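Presented below is the structure to which this report refers.
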Amino acid sequence: MSALSDQLVTYAILAYLVAMISHAVEYALGNARAVSARTAAPARELVGAGVGGAGGSVEASLVETALPSPVETRPSRSAARAALAGRLAAWVTVLAVALHLGAVVTRGVAAERMPWGNMYEFVLTGTFIGAAAWLAVLWKQPSLRRLGLFLTLVMVLLLAFAELKLYVQVVPLMPALQSYWFIIHVSTIIFASGILLLGVVPAAAYLMRAGWEQGRRSFPYTLARRLPAAAGLERLTFALHAFAFPIFTFAVIAGAIWAEAAWGRAWGWDPKETWAFISWVVYAGYLHARATPSIRRNVATWISIVGFLTMLMNLFGVNFFFTGLHSYAGVN
């Protein structure tokens, strides 16, 4: 089963790579108006169904910016090819996520435990959560499909890094982790991390698209000229972070309860605990800034990106460069 898991990871990386190339073809051949024309009808149906909450706000914004003119509903040959490449990219991404799921499941079967016992397994599972969440977003918001170029790029880079630098053989769970709190704490932190991983994609895309809409024509703003409207990207960023933050908060609290039971203290400023607290403060700051009318949306979005950088520091930097009670990376 361990060998099968390794093979499935390789196949998943290749599938994400094919999807990324297909998205790149769509991006190169298409135009923003053609995408809007193809996706306006599905978006209108979603709003008509009465989708509410933060997601509903995203959909409303996208419909407002996606309504085509009669001329736009007749795509050129180049636009038709772009549409075909985009549909291929979406279906290949579904295949990649299925292979990714198979890799996670077979890794767990081989280890006879939940596959979250080391840094490699954490990245493998967290990236799966992010990719699966992307498919859910794409199903509800087809007009966001071109974000898939950046999402699949992130998947390829993270999974390749995990395979090359983080990979460890399947081993039993170390005694310190053998607790029901392992499932509660680690599952929620991985789930929140996967959603926040997805959230950074529209955040970065929003900053580029907003710059493009403001007339900036230098790199990297030129990358965003074929992305959906900035307002919709910003609202999606907020929706994902607002969804993930309470889960992340619960994960930190569960970790403190587990620490009290295992080590006799709920909080000891261990490096990983410290950086988890830093991440929590930064993401709380983002949500506060987002809810404050006097703070510009691009400033708030930059705070969310800083939050993701602190998450990366907690995942990679702490495990590689610090020693503490959470030193379970398995790569030292």
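Letters for chains follow the order of the structure tokens (A, B, ...), residue numbers begin at 1 for each chain, and ligand numbers begin at 1 in the order shown.
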Problem set entry | Contacts of Gln178 in chain A at 10 Å (only C-alpha atoms; same-chain gap of 6+ positions) as a PyMOL selection string | chain A and resi 113+117+172
Selection export as a JSON list (two decimals), in the first residue's frame, atoms kept: C-alpha atoms:
[["chain", "number", "residue", "atom", "x", "y", "z"],
["A", 113, "ARG", "CA", -3.52, 5.12, 11.28],
["A", 117, "GLY", "CA", 2.00, 11.64, 11.57],
["A", 172, "PRO", "CA", 4.03, 3.72, 13.35]]
For this session: Write down as a ChimeraX atom specification the residues of range 65-306 of chain A whose backbone DSSP state falls under alpha helix (DSSP H).
Result: /A:65-66,77-111,119-140,148-161,180-213,230-263,271-291,297-306
Problem set entry | Who sits within 12 Å of Glu112 in chain A, only C-alpha atoms, same chain under 2 positions skipped, as a ChimeraX atom specification | /A:1-2,105-110,114-117,170-173
Problem set entry | Contact residues around Ser187 in chain A with only C-alpha atoms at 9 Å, ignoring same-chain residues under 5 positions, as an MDAnalysis selection string | chainID A and resid 116 182 192 251
Just-selected residues, all heavy atoms written as a PDB file, in the first residue's frame:
ATOM      1  N   TRP A 116      -1.359  11.500   9.171  1.00  0.00           N
ATOM      2  CA  TRP A 116      -0.980  12.858   9.559  1.00  0.00           C
ATOM      3  C   TRP A 116       0.184  12.850  10.539  1.00  0.00           C
ATOM      4  O   TRP A 116       0.362  13.783  11.312  1.00  0.00           O
ATOM      5  CB  TRP A 116      -2.164  13.584  10.226  1.00  0.00           C
ATOM      6  CG  TRP A 116      -3.452  13.469   9.486  1.00  0.00           C
ATOM      7  CD1 TRP A 116      -3.621  13.478   8.133  1.00  0.00           C
ATOM      8  CD2 TRP A 116      -4.765  13.319  10.049  1.00  0.00           C
ATOM      9  NE1 TRP A 116      -4.953  13.352   7.809  1.00  0.00           N
ATOM     10  CE2 TRP A 116      -5.679  13.249   8.963  1.00  0.00           C
ATOM     11  CE3 TRP A 116      -5.262  13.249  11.346  1.00  0.00           C
ATOM     12  CZ2 TRP A 116      -7.048  13.112   9.159  1.00  0.00           C
ATOM     13  CZ3 TRP A 116      -6.617  13.116  11.539  1.00  0.00           C
ATOM     14  CH2 TRP A 116      -7.505  13.048  10.459  1.00  0.00           C
ATOM     15  N   PHE A 182      -5.175  13.475  18.927  1.00  0.00           N
ATOM     16  CA  PHE A 182      -4.430  13.529  17.671  1.00  0.00           C
ATOM     17  C   PHE A 182      -5.378  13.720  16.494  1.00  0.00           C
ATOM     18  O   PHE A 182      -5.151  14.555  15.615  1.00  0.00           O
ATOM     19  CB  PHE A 182      -3.620  12.242  17.502  1.00  0.00           C
ATOM     20  CG  PHE A 182      -3.000  12.065  16.140  1.00  0.00           C
ATOM     21  CD1 PHE A 182      -1.921  12.825  15.735  1.00  0.00           C
ATOM     22  CD2 PHE A 182      -3.513  11.122  15.256  1.00  0.00           C
ATOM     23  CE1 PHE A 182      -1.351  12.662  14.480  1.00  0.00           C
ATOM     24  CE2 PHE A 182      -2.953  10.944  13.998  1.00  0.00           C
ATOM     25  CZ  PHE A 182      -1.865  11.720  13.610  1.00  0.00           C
ATOM     26  N   ALA A 192      -8.250  23.414   8.219  1.00  0.00           N
ATOM     27  CA  ALA A 192      -8.158  24.873   8.159  1.00  0.00           C
ATOM     28  C   ALA A 192      -6.994  25.314   7.282  1.00  0.00           C
ATOM     29  O   ALA A 192      -7.121  26.260   6.492  1.00  0.00           O
ATOM     30  CB  ALA A 192      -8.005  25.439   9.568  1.00  0.00           C
ATOM     31  N   ALA A 251      -8.920  24.438  16.410  1.00  0.00           N
ATOM     32  CA  ALA A 251      -7.738  23.569  16.369  1.00  0.00           C
ATOM     33  C   ALA A 251      -6.692  24.020  17.382  1.00  0.00           C
ATOM     34  O   ALA A 251      -6.065  23.192  18.065  1.00  0.00           O
ATOM     35  CB  ALA A 251      -7.144  23.553  14.965  1.00  0.00           C
TER      36      ALA A 251
END
For this session: Would you mind listing what lies within 9 Å of Gly307 in chain A as a ChimeraX atom specification, with only C-alpha atoms counted and same-chain residues fewer than 4 positions away left out?
Result: /A:278-283,286,302-303,311-312
Exercise. From the list A:Ala254, A:Ala28, A:Met119, A:Met174, which residue is nearest Arg146 in chain A when using only C-alpha atoms?
Worked result: A:Ala28
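Excluding Leu153 in chain A itself and any same-chain residue fewer than 4 positions from it, the protein and nucleic acid residues within 8 Å of it, counting only C-alpha atoms, are Tyr16, Leu17, Met20, Leu149 and Leu157 of chain A.
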Can you write just those residues out, C-alpha atoms, as a compact mmCIF listing (two decimals), in the first residue's frame?
# COMPACT_ATOMS: atom_id res chain seq x y z
CA TYR A 16 -1.98 18.66 -11.85
CA LEU A 17 0.81 19.56 -14.27
CA MET A 20 -1.87 23.63 -15.27
CA LEU A 149 -3.89 28.06 -13.36
CA LEU A 157 5.13 22.99 -6.38
Problem set entry | For Ala291 in chain A: contacts at 12 Å, only C-alpha atoms, fewer than 4 positions along chain excluded, given as a PyMOL selection string | chain A and resi 235+238+242+284-287+295-297+300-301
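Minimum atom-to-atom distance to Thr152 in chain A, evaluated using only C-alpha atoms, belongs to A:Gly130 out of A:Gly130, A:Gly255, A:Gly102, A:Gly232.
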For this session: May I ask for the distance between CA of Gly317 in chain A and CA of Leu177 in chain A, given in Å to one decimal place?
Result: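 Going from CA of Gly317 in chain A over to CA of Leu177 in chain A, I get 21.1 Å.
Remark: for Leu198 in chain A, the closest of the candidate residues A:Val154, A:Ala103, A:Ala259, A:Ala3 is A:Val154 (distances computed over only C-alpha atoms).
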For this session: Rank A:Leu138, A:Leu101, A:Val252, A:Val123 by their smallest atom-to-atom distance to Ser5 in chain A, using only C-alpha atoms, and report the top residue only.
Result: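 The answer is A:Leu101, which sits nearest to Ser5 in chain A.
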Exercise. Counting only C-alpha atoms, which of A:Gln169, A:Thr93, A:Asn314, A:Thr127 gets nearest to Arg145 in chain A?
Worked result: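 Of all the options, A:Thr93 lies closest to Arg145 in chain A.
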Exercise. Pick the closest to Val200 in chain A from A:Ile184, A:Ala261, A:Leu309, A:Leu164: which is it, counting only C-alpha atoms?
Worked result: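 Closest residue, counting only C-alpha atoms: A:Leu309.
Atom pair CA of Ala19 in chain A / CA of Leu223 in chain A has a distance of 18.1 Å (rounded to one decimal).
Going from CA of Val97 in chain A over to CA of Ile190 in chain A, you cover 16.5 Å.
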